[in-house]
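> I'm passing along start.csv; it holds CSV, C-alpha atoms and all ligand atoms.
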```csv
chain,number,residue,atom,x,y,z
A,377,MET,CA,-78.6,-1.3,124.4
A,378,LYS,CA,-79.0,0.9,121.4
A,379,ILE,CA,-79.4,4.7,121.1
A,380,ILE,CA,-81.7,5.8,118.3
A,381,VAL,CA,-80.5,9.2,116.9
A,382,HIS,CA,-83.3,11.5,115.7
A,383,ARG,CA,-80.9,13.8,113.9
A,384,GLU,CA,-83.6,16.1,112.7
A,385,ARG,CA,-84.4,17.1,116.3
A,386,CYS,CA,-80.8,17.9,117.3
A,387,GLN,CA,-80.1,21.5,117.9
A,388,GLY,CA,-76.4,21.2,118.6
A,389,HIS,CA,-76.3,21.7,122.4
A,390,ALA,CA,-73.5,19.0,122.6
A,391,ARG,CA,-74.7,17.9,126.0
A,392,CYS,CA,-74.5,14.2,124.9
A,393,TRP,CA,-71.0,14.7,123.7
A,394,ALA,CA,-70.0,16.5,126.9
A,395,LEU,CA,-71.0,13.5,129.0
A,396,ALA,CA,-69.8,10.8,126.7
A,397,PRO,CA,-67.5,12.0,124.0
A,398,ASP,CA,-66.4,8.4,123.2
A,399,ILE,CA,-70.0,7.4,122.4
A,400,PHE,CA,-71.5,10.4,120.6
A,401,ASP,CA,-69.9,12.0,117.5
A,402,LEU,CA,-70.6,15.5,116.5
A,403,ASP,CA,-70.2,16.9,113.0
A,404,ASP,CA,-68.2,20.1,112.2
A,405,GLU,CA,-71.2,22.3,113.1
A,406,GLY,CA,-71.8,20.6,116.5
A,407,PHE,CA,-74.8,18.4,115.5
A,408,VAL,CA,-74.9,14.8,116.5
A,409,VAL,CA,-73.9,12.4,113.6
A,410,SER,CA,-76.8,10.4,112.1
A,411,GLY,CA,-77.1,6.7,112.7
A,412,ASN,CA,-78.1,4.6,115.6
A,413,ILE,CA,-75.4,3.7,118.2
A,414,ASP,CA,-74.8,0.3,119.6
A,415,VAL,CA,-73.6,0.7,123.2
A,416,ASN,CA,-71.3,-1.7,125.0
A,417,PRO,CA,-72.7,-3.1,128.3
A,418,GLN,CA,-70.1,-1.3,130.4
A,419,ASP,CA,-71.0,2.0,128.9
A,420,GLU,CA,-74.8,1.8,129.3
A,421,ASP,CA,-75.2,4.0,132.4
A,422,ARG,CA,-73.2,6.8,130.9
A,423,ALA,CA,-74.9,6.5,127.6
A,424,TRP,CA,-78.3,6.5,129.2
A,425,ARG,CA,-77.5,9.6,131.2
A,426,ALA,CA,-76.1,11.4,128.2
A,427,ALA,CA,-79.2,10.5,126.1
A,428,LYS,CA,-81.5,11.7,128.8
A,429,SER,CA,-79.6,15.0,129.0
A,430,CYS,CA,-80.6,16.0,125.5
A,431,PRO,CA,-83.1,18.8,125.8
A,432,GLU,CA,-84.5,18.2,122.4
A,433,ARG,CA,-85.2,14.5,123.0
A,434,ALA,CA,-83.1,13.7,120.0
A,435,LEU,CA,-81.7,10.5,121.6
A,436,THR,CA,-84.0,7.5,122.4
A,437,VAL,CA,-82.8,4.6,124.4
A,438,GLU,CA,-83.8,1.1,123.2
A,439,LYS,CA,-83.1,-2.0,125.2
B,501,LIG,S1,-77.6,16.9,123.4
B,501,LIG,FE1,-79.2,16.5,121.9
B,501,LIG,S2,-79.4,18.5,120.8
B,501,LIG,FE2,-77.4,18.4,121.8
B,501,LIG,S3,-75.9,17.6,120.3
B,501,LIG,FE3,-76.7,15.9,121.6
B,501,LIG,S4,-78.4,15.1,120.4
B,501,LIG,FE4,-78.0,17.2,119.6
```
How would this structure read if it were set down as structure tokens?


Amino acid sequence: MKIIVHRERCQGHARCWALAPDIFDLDDEGFVVSGNIDVNPQDEDRAWRAAKSCPERALTVEK
């Protein structure tokens, strides 16, 4: 599974990071770091929930 990061939509709520700090990186200002994320199979549930928690829909899940 892959998470597509739409960095331009991120508003820095950090909800993704709060749920999965090992999967999502934030920059010094609290915005998600650009670049798509490859998710390990054992982390998919957590990553999915974290992506769905983004109120800006900045994180898209791709199977
Ligand atoms: S939850 Fe969404 S808006 Fe908040 S830091 Fe993560 S990607 Fe950005």

> Go through A:Glu438, A:Asp398, A:Asp421, A:Asp403 and flag the residue nearest ligand LIG 501 (chain B), using only C-alpha atoms and all ligand atoms for the distances.

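Nearest to ligand LIG 501 (chain B): A:Asp403.
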
> Point out the residue among A:Arg433, A:Arg425, A:Asp404, A:Ile413 with the least atom-to-atom distance to Glu384 in chain A, counting all atoms listed in the file.

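Closest candidate: A:Arg433.
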
> May I have the residues within 8 Å of Gly406 in chain A as a list in words, using all atoms listed in the file and disregarding those fewer than 4 positions away in the same chain?

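Using all atoms listed in the file, the neighbours found are Gly388, His389, Ala390 and Leu402 of chain A.
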
> May I ask you to write as number ranges by chain all residues lying at most 9 Å from ligand LIG 501 (chain B), with all atoms listed in the file counted?

A: 381-394, 400-402, 406-409, 426-435

> Could you tell me how far CA of Ile380 in chain A lies from CA of Asp414 in chain A, in Å and to one decimal?

8.9 Å

> May I ask for the distance between CA of Met377 in chain A and CA of Pro397 in chain A, given in Å to one decimal place?

17.3 Å

> Would you work out the distance separating CA of Ile379 in chain A from CA of Glu405 in chain A, expressed in Å to one decimal?

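Computed distance, CA of Ile379 in chain A to CA of Glu405 in chain A, equals 21.0 Å.
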